[in-house]
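structure_29.txt (compact mmCIF, N, CA and C atoms) appears below.
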# COMPACT_ATOMS: atom_id res chain seq x y z
N MET E 502 230.63 112.55 153.57
CA MET E 502 229.59 111.52 153.53
C MET E 502 228.78 111.62 152.25
N PHE E 503 228.52 110.50 151.66
CA PHE E 503 227.72 110.43 150.43
C PHE E 503 226.24 110.64 150.78
N GLU E 504 225.62 111.60 150.16
CA GLU E 504 224.21 111.90 150.45
C GLU E 504 223.32 111.21 149.42
N MET E 505 222.12 110.82 149.85
CA MET E 505 221.18 110.26 148.89
C MET E 505 220.76 111.37 147.94
N LYS E 506 221.07 111.22 146.68
CA LYS E 506 220.72 112.26 145.72
C LYS E 506 219.21 112.32 145.53
N LYS E 507 218.77 113.50 145.13
CA LYS E 507 217.33 113.73 145.01
C LYS E 507 216.67 112.76 144.03
N LYS E 508 217.39 112.40 142.96
CA LYS E 508 216.75 111.53 141.97
C LYS E 508 216.49 110.13 142.53
N TYR E 509 217.12 109.80 143.65
CA TYR E 509 216.91 108.49 144.26
C TYR E 509 215.75 108.49 145.26
N ARG E 510 215.09 109.63 145.36
CA ARG E 510 213.98 109.72 146.32
C ARG E 510 212.65 109.71 145.58
N ILE E 511 211.65 109.14 146.23
CA ILE E 511 210.28 109.24 145.72
C ILE E 511 209.61 110.31 146.57
N LYS E 512 209.12 111.34 145.92
CA LYS E 512 208.54 112.45 146.66
C LYS E 512 207.05 112.64 146.36
N LYS E 513 206.69 112.44 145.10
CA LYS E 513 205.34 112.81 144.68
C LYS E 513 204.32 111.77 145.10
N ASN E 514 203.17 112.25 145.50
CA ASN E 514 202.12 111.37 145.97
C ASN E 514 201.72 110.34 144.91
N ASP E 515 201.63 110.76 143.65
CA ASP E 515 201.19 109.79 142.63
C ASP E 515 202.25 108.71 142.41
N GLU E 516 203.52 109.04 142.65
CA GLU E 516 204.56 108.01 142.56
C GLU E 516 204.42 107.00 143.70
N PHE E 517 204.13 107.51 144.90
CA PHE E 517 203.86 106.63 146.03
C PHE E 517 202.67 105.72 145.72
N GLN E 518 201.61 106.33 145.20
CA GLN E 518 200.39 105.57 144.93
C GLN E 518 200.65 104.47 143.91
N ALA E 519 201.47 104.77 142.90
CA ALA E 519 201.78 103.77 141.88
C ALA E 519 202.48 102.56 142.52
N VAL E 520 203.40 102.84 143.44
CA VAL E 520 204.12 101.75 144.10
C VAL E 520 203.15 100.93 144.96
N PHE E 521 202.25 101.63 145.68
CA PHE E 521 201.27 100.92 146.51
C PHE E 521 200.35 100.06 145.66
N LYS E 522 199.87 100.62 144.56
CA LYS E 522 198.87 99.91 143.74
C LYS E 522 199.47 98.77 142.93
N GLN E 523 200.66 99.02 142.34
CA GLN E 523 201.22 98.03 141.42
C GLN E 523 202.34 97.19 142.02
N GLY E 524 202.88 97.66 143.13
CA GLY E 524 204.03 96.96 143.71
C GLY E 524 203.61 95.78 144.56
N LYS E 525 204.62 94.99 144.98
CA LYS E 525 204.38 93.89 145.90
C LYS E 525 204.78 94.36 147.29
N SER E 526 204.10 93.82 148.30
CA SER E 526 204.48 94.24 149.65
C SER E 526 205.06 93.08 150.45
N PHE E 527 205.98 93.43 151.33
CA PHE E 527 206.64 92.48 152.21
C PHE E 527 206.71 93.16 153.56
N ALA E 528 206.60 92.38 154.63
CA ALA E 528 206.57 93.05 155.93
C ALA E 528 207.23 92.20 157.00
N ASN E 529 207.70 92.90 158.03
CA ASN E 529 208.03 92.24 159.28
C ASN E 529 207.43 93.13 160.37
N ARG E 530 207.85 92.95 161.62
CA ARG E 530 207.18 93.70 162.68
C ARG E 530 207.47 95.20 162.63
N GLN E 531 208.63 95.56 162.09
CA GLN E 531 209.01 96.97 162.12
C GLN E 531 208.74 97.73 160.83
N PHE E 532 208.71 97.01 159.70
CA PHE E 532 208.60 97.71 158.42
C PHE E 532 207.65 97.02 157.47
N VAL E 533 207.05 97.84 156.61
CA VAL E 533 206.37 97.31 155.44
C VAL E 533 207.14 97.85 154.25
N LEU E 534 207.47 96.96 153.32
CA LEU E 534 208.24 97.36 152.15
C LEU E 534 207.41 97.08 150.91
N TYR E 535 207.24 98.10 150.08
CA TYR E 535 206.59 97.92 148.79
C TYR E 535 207.67 98.01 147.72
N VAL E 536 207.62 97.08 146.76
CA VAL E 536 208.62 97.05 145.70
C VAL E 536 207.90 97.09 144.36
N LEU E 537 208.32 98.02 143.52
CA LEU E 537 207.74 98.13 142.17
C LEU E 537 208.86 98.08 141.15
N ASP E 538 208.73 97.17 140.18
CA ASP E 538 209.73 97.07 139.11
C ASP E 538 209.67 98.28 138.20
N LYS E 539 210.83 98.85 137.89
CA LYS E 539 210.93 99.95 136.92
C LYS E 539 212.04 99.56 135.95
N PRO E 540 211.73 98.69 134.98
CA PRO E 540 212.78 98.10 134.15
C PRO E 540 213.68 99.12 133.45
N GLY E 541 213.16 100.29 133.07
CA GLY E 541 213.98 101.25 132.34
C GLY E 541 214.87 102.11 133.23
N GLN E 542 214.78 101.91 134.53
CA GLN E 542 215.45 102.81 135.47
C GLN E 542 216.78 102.19 135.92
N ALA E 543 217.85 102.96 135.81
CA ALA E 543 219.19 102.40 136.06
C ALA E 543 219.55 102.35 137.55
N TYR E 544 218.70 102.88 138.39
CA TYR E 544 219.00 102.97 139.82
C TYR E 544 217.73 102.66 140.58
N PHE E 545 217.84 102.52 141.89
CA PHE E 545 216.61 102.36 142.66
C PHE E 545 216.25 103.69 143.30
N ARG E 546 214.98 103.84 143.64
CA ARG E 546 214.53 105.03 144.36
C ARG E 546 213.84 104.57 145.63
N ILE E 547 213.95 105.38 146.67
CA ILE E 547 213.23 105.02 147.89
C ILE E 547 212.28 106.14 148.31
N GLY E 548 211.18 105.73 148.84
CA GLY E 548 210.22 106.65 149.43
C GLY E 548 210.01 106.21 150.87
N LEU E 549 209.92 107.17 151.77
CA LEU E 549 209.77 106.82 153.18
C LEU E 549 208.44 107.33 153.70
N SER E 550 207.81 106.50 154.50
CA SER E 550 206.59 106.93 155.15
C SER E 550 206.72 106.61 156.64
N VAL E 551 206.83 107.67 157.42
CA VAL E 551 206.96 107.50 158.87
C VAL E 551 205.85 108.35 159.49
N SER E 552 204.83 107.69 159.99
CA SER E 552 203.64 108.44 160.43
C SER E 552 203.84 109.08 161.80
N LYS E 553 202.93 109.96 162.13
CA LYS E 553 203.01 110.65 163.42
C LYS E 553 202.79 109.71 164.59
N LYS E 554 202.27 108.52 164.30
CA LYS E 554 202.09 107.53 165.37
C LYS E 554 203.43 107.09 165.92
N ILE E 555 204.47 107.20 165.09
CA ILE E 555 205.81 106.75 165.50
C ILE E 555 206.36 107.66 166.59
N GLY E 556 206.08 108.95 166.48
CA GLY E 556 206.59 109.88 167.48
C GLY E 556 206.64 111.29 166.93
N LYS E 557 207.26 112.16 167.69
CA LYS E 557 207.39 113.55 167.26
C LYS E 557 208.40 113.66 166.12
N ALA E 558 208.53 114.85 165.57
CA ALA E 558 209.37 115.07 164.39
C ALA E 558 210.80 114.56 164.57
N VAL E 559 211.35 114.80 165.75
CA VAL E 559 212.74 114.39 166.00
C VAL E 559 212.90 112.89 165.81
N VAL E 560 211.96 112.14 166.36
CA VAL E 560 212.00 110.67 166.27
C VAL E 560 211.79 110.24 164.83
N ARG E 561 210.81 110.84 164.17
CA ARG E 561 210.52 110.46 162.78
C ARG E 561 211.71 110.75 161.87
N ASN E 562 212.34 111.89 162.07
CA ASN E 562 213.49 112.25 161.24
C ASN E 562 214.66 111.31 161.48
N ARG E 563 214.83 110.90 162.74
CA ARG E 563 215.91 109.96 163.06
C ARG E 563 215.65 108.63 162.35
N VAL E 564 214.41 108.15 162.41
CA VAL E 564 214.05 106.90 161.74
C VAL E 564 214.34 107.00 160.25
N LYS E 565 213.96 108.11 159.63
CA LYS E 565 214.18 108.29 158.20
C LYS E 565 215.68 108.33 157.87
N ARG E 566 216.44 108.99 158.73
CA ARG E 566 217.90 109.04 158.53
C ARG E 566 218.48 107.63 158.58
N TYR E 567 218.05 106.85 159.55
CA TYR E 567 218.53 105.48 159.69
C TYR E 567 218.23 104.67 158.43
N ILE E 568 216.99 104.79 157.95
CA ILE E 568 216.59 104.00 156.78
C ILE E 568 217.43 104.40 155.57
N ARG E 569 217.59 105.72 155.37
CA ARG E 569 218.40 106.18 154.23
C ARG E 569 219.83 105.68 154.34
N GLN E 570 220.35 105.68 155.57
CA GLN E 570 221.72 105.23 155.79
C GLN E 570 221.88 103.75 155.44
N VAL E 571 220.90 102.94 155.80
CA VAL E 571 220.95 101.52 155.45
C VAL E 571 221.00 101.35 153.93
N PHE E 572 220.14 102.10 153.22
CA PHE E 572 220.14 102.01 151.76
C PHE E 572 221.46 102.49 151.17
N LEU E 573 222.05 103.50 151.80
CA LEU E 573 223.36 103.98 151.36
C LEU E 573 224.42 102.90 151.50
N GLU E 574 224.49 102.31 152.69
CA GLU E 574 225.52 101.31 152.97
C GLU E 574 225.33 100.08 152.11
N GLU E 575 224.09 99.75 151.83
CA GLU E 575 223.79 98.51 151.10
C GLU E 575 223.51 98.75 149.62
N ARG E 576 223.73 99.98 149.14
CA ARG E 576 223.26 100.30 147.79
C ARG E 576 223.81 99.37 146.71
N ASP E 577 225.02 98.84 146.92
CA ASP E 577 225.58 97.94 145.91
C ASP E 577 224.93 96.56 145.94
N ASN E 578 224.25 96.25 147.04
CA ASN E 578 223.62 94.93 147.18
C ASN E 578 222.13 94.96 146.88
N ILE E 579 221.58 96.15 146.72
CA ILE E 579 220.13 96.26 146.51
C ILE E 579 219.86 96.38 145.01
N GLU E 580 218.91 95.61 144.53
CA GLU E 580 218.64 95.61 143.09
C GLU E 580 218.19 96.97 142.60
N ALA E 581 218.80 97.38 141.49
CA ALA E 581 218.42 98.65 140.86
C ALA E 581 217.18 98.42 140.00
N GLY E 582 216.70 99.47 139.37
CA GLY E 582 215.55 99.34 138.49
C GLY E 582 214.26 99.08 139.24
N LYS E 583 214.21 99.54 140.48
CA LYS E 583 213.00 99.35 141.29
C LYS E 583 212.73 100.60 142.11
N ASP E 584 211.47 100.78 142.45
CA ASP E 584 211.10 101.79 143.44
C ASP E 584 210.76 101.06 144.73
N TYR E 585 211.28 101.57 145.84
CA TYR E 585 210.99 100.98 147.14
C TYR E 585 210.27 102.02 147.98
N VAL E 586 209.19 101.61 148.61
CA VAL E 586 208.56 102.48 149.60
C VAL E 586 208.61 101.74 150.93
N ILE E 587 209.17 102.40 151.92
CA ILE E 587 209.31 101.79 153.24
C ILE E 587 208.38 102.51 154.20
N ILE E 588 207.55 101.73 154.86
CA ILE E 588 206.66 102.29 155.87
C ILE E 588 207.14 101.79 157.22
N ALA E 589 207.46 102.73 158.09
CA ALA E 589 207.94 102.35 159.41
C ALA E 589 206.75 102.08 160.33
N ARG E 590 206.88 101.05 161.14
CA ARG E 590 205.84 100.74 162.13
C ARG E 590 206.30 101.20 163.50
N ILE E 591 205.37 101.25 164.43
CA ILE E 591 205.63 101.87 165.74
C ILE E 591 206.87 101.35 166.48
N PRO E 592 207.15 100.02 166.49
CA PRO E 592 208.34 99.57 167.25
C PRO E 592 209.65 100.24 166.84
N VAL E 593 209.71 100.77 165.62
CA VAL E 593 210.94 101.39 165.12
C VAL E 593 211.39 102.55 166.01
N ALA E 594 210.47 103.23 166.60
CA ALA E 594 210.79 104.41 167.42
C ALA E 594 211.80 104.08 168.52
N GLU E 595 211.75 102.85 169.04
CA GLU E 595 212.62 102.47 170.16
C GLU E 595 213.95 101.86 169.69
N MET E 596 214.13 101.70 168.38
CA MET E 596 215.29 100.96 167.91
C MET E 596 216.50 101.84 167.62
N ASP E 597 217.71 101.26 167.82
CA ASP E 597 218.90 101.99 167.42
C ASP E 597 219.22 101.64 165.96
N TYR E 598 220.27 102.26 165.44
CA TYR E 598 220.58 102.10 164.02
C TYR E 598 220.80 100.64 163.63
N PHE E 599 221.53 99.90 164.47
CA PHE E 599 221.86 98.52 164.09
C PHE E 599 220.63 97.63 164.06
N GLU E 600 219.70 97.89 164.97
CA GLU E 600 218.44 97.13 164.97
C GLU E 600 217.62 97.47 163.73
N VAL E 601 217.60 98.76 163.38
CA VAL E 601 216.87 99.20 162.19
C VAL E 601 217.47 98.52 160.96
N LYS E 602 218.81 98.51 160.89
CA LYS E 602 219.49 97.92 159.74
C LYS E 602 219.17 96.43 159.63
N LYS E 603 219.25 95.74 160.75
CA LYS E 603 219.00 94.29 160.76
C LYS E 603 217.57 94.01 160.29
N SER E 604 216.64 94.76 160.81
CA SER E 604 215.24 94.57 160.46
C SER E 604 214.96 94.89 158.99
N LEU E 605 215.57 95.97 158.53
CA LEU E 605 215.36 96.39 157.14
C LEU E 605 215.99 95.37 156.17
N LEU E 606 217.17 94.88 156.51
CA LEU E 606 217.81 93.86 155.66
C LEU E 606 216.96 92.59 155.64
N HIS E 607 216.36 92.29 156.77
CA HIS E 607 215.49 91.11 156.86
C HIS E 607 214.32 91.24 155.88
N VAL E 608 213.70 92.41 155.87
CA VAL E 608 212.53 92.60 155.00
C VAL E 608 212.97 92.68 153.52
N LEU E 609 214.14 93.25 153.26
CA LEU E 609 214.67 93.29 151.89
C LEU E 609 214.98 91.87 151.40
N LYS E 610 215.48 91.05 152.32
CA LYS E 610 215.78 89.66 151.98
C LYS E 610 214.49 88.92 151.64
N ARG E 611 213.45 89.17 152.44
CA ARG E 611 212.16 88.54 152.17
C ARG E 611 211.62 88.95 150.80
N ALA E 612 211.92 90.20 150.43
CA ALA E 612 211.45 90.71 149.13
C ALA E 612 212.34 90.19 148.00
N ASN E 613 213.45 89.54 148.40
CA ASN E 613 214.36 88.95 147.43
C ASN E 613 215.01 90.01 146.53
N VAL E 614 215.40 91.13 147.10
CA VAL E 614 216.02 92.19 146.30
C VAL E 614 217.48 92.45 146.71
N LEU E 615 218.00 91.63 147.62
CA LEU E 615 219.41 91.76 147.96
C LEU E 615 220.21 90.87 147.03
N LYS E 616 221.29 91.42 146.48
CA LYS E 616 222.06 90.68 145.48
C LYS E 616 222.91 89.58 146.10
N ARG E 617 223.38 89.80 147.31
CA ARG E 617 224.18 88.75 147.93
C ARG E 617 223.70 88.55 149.36
N GLU E 618 223.96 87.37 149.88
CA GLU E 618 223.54 87.05 151.25
C GLU E 618 224.40 87.81 152.25
N GLU E 619 223.74 88.32 153.26
CA GLU E 619 224.49 88.87 154.40
C GLU E 619 225.00 87.70 155.22
N ASN E 620 226.14 87.87 155.87
CA ASN E 620 226.64 86.74 156.68
C ASN E 620 225.98 86.73 158.04

How would this structure read if it were set down as structure tokens?
Amino acid sequence: MFEMKKKYRIKKNDEFQAVFKQGKSFANRQFVLYVLDKPGQAYFRIGLSVSKKIGKAVVRNRVKRYIRQVFLEERDNIEAGKDYVIIARIPVAEMDYFEVKKSLLHVLKRANVLKREEN
């Protein structure tokens, strides 16, 4: 299985803050997505924020795994040269992978960062 490489992750707080302050936000009931243009960057990076309100560590880690998996599967369709920060909302805790994927693609579509239409 292809793992999300470290360089594709946003880890540092100031990087998160930059995306929050300068990026645009898009939301649906399950996710808030912040998108920040990074024109010099050849790939996209993702940062995940899954708060303790969502559930215990097991649930939060599962949600994060699902989100990373969606980005993996869709990486060829997601615009590069951007930083994405995804904030999970409480309903995500009850969702399975396919629901998470559908919801995440919906919010990515709203942000207009998918290269081709899903059928």

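If only C-alpha atoms are the atoms counted, then among E:Glu600, E:Lys553, E:Ala543, E:Ala589 the closest residue to E:Ala528 is E:Ala589.
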
Legend entry - 8 Å contact set for E:Asn562, all atoms listed in the file, chain neighbours under 6 positions out, as a PyMOL selection string: chain E and resi 551+556+568

Legend entry - For atom CA of E:Lys507 and atom CA of E:Arg546, the interatomic separation in Å (one decimal): 9.2 Å

Legend entry - Between atom C of E:Leu573 and atom C of E:Tyr535 - distance in Å to one decimal: 17.9 Å

Inset, instruction - Identify, on the basis of only C-alpha atoms, every residue whose closest approach to E:Gly524 does not exceed 7 Å; exclude the query and any residue fewer than 4 positions from it along the same chain; express the result as a ChimeraX atom specification. - result: /E:520,535-537

Keeping N, CA and C atoms, export the residues of the selection given above as a PDB file, keeping the file's coordinate frame.
ATOM      1  N   VAL E 520     203.400 102.840 143.440  1.00  0.00           N
ATOM      2  CA  VAL E 520     204.120 101.750 144.100  1.00  0.00           C
ATOM      3  C   VAL E 520     203.150 100.930 144.960  1.00  0.00           C
ATOM      4  N   TYR E 535     207.240  98.100 150.080  1.00  0.00           N
ATOM      5  CA  TYR E 535     206.590  97.920 148.790  1.00  0.00           C
ATOM      6  C   TYR E 535     207.670  98.010 147.720  1.00  0.00           C
ATOM      7  N   VAL E 536     207.620  97.080 146.760  1.00  0.00           N
ATOM      8  CA  VAL E 536     208.620  97.050 145.700  1.00  0.00           C
ATOM      9  C   VAL E 536     207.900  97.090 144.360  1.00  0.00           C
ATOM     10  N   LEU E 537     208.320  98.020 143.520  1.00  0.00           N
ATOM     11  CA  LEU E 537     207.740  98.130 142.170  1.00  0.00           C
ATOM     12  C   LEU E 537     208.860  98.080 141.150  1.00  0.00           C
TER      13      LEU E 537
END

Inset, instruction - Extract, using only C-alpha atoms, all DNA, RNA and protein residues at most 10 Å from E:Val533, discarding same-chain residues fewer than 5 positions from it, and format them as a list in words. - result: Ser526, Phe527, Ala528, Ser550, Val586, Ile587, Ile588, Ala589, Arg590, Leu605, Val608 and Leu609 of chain E
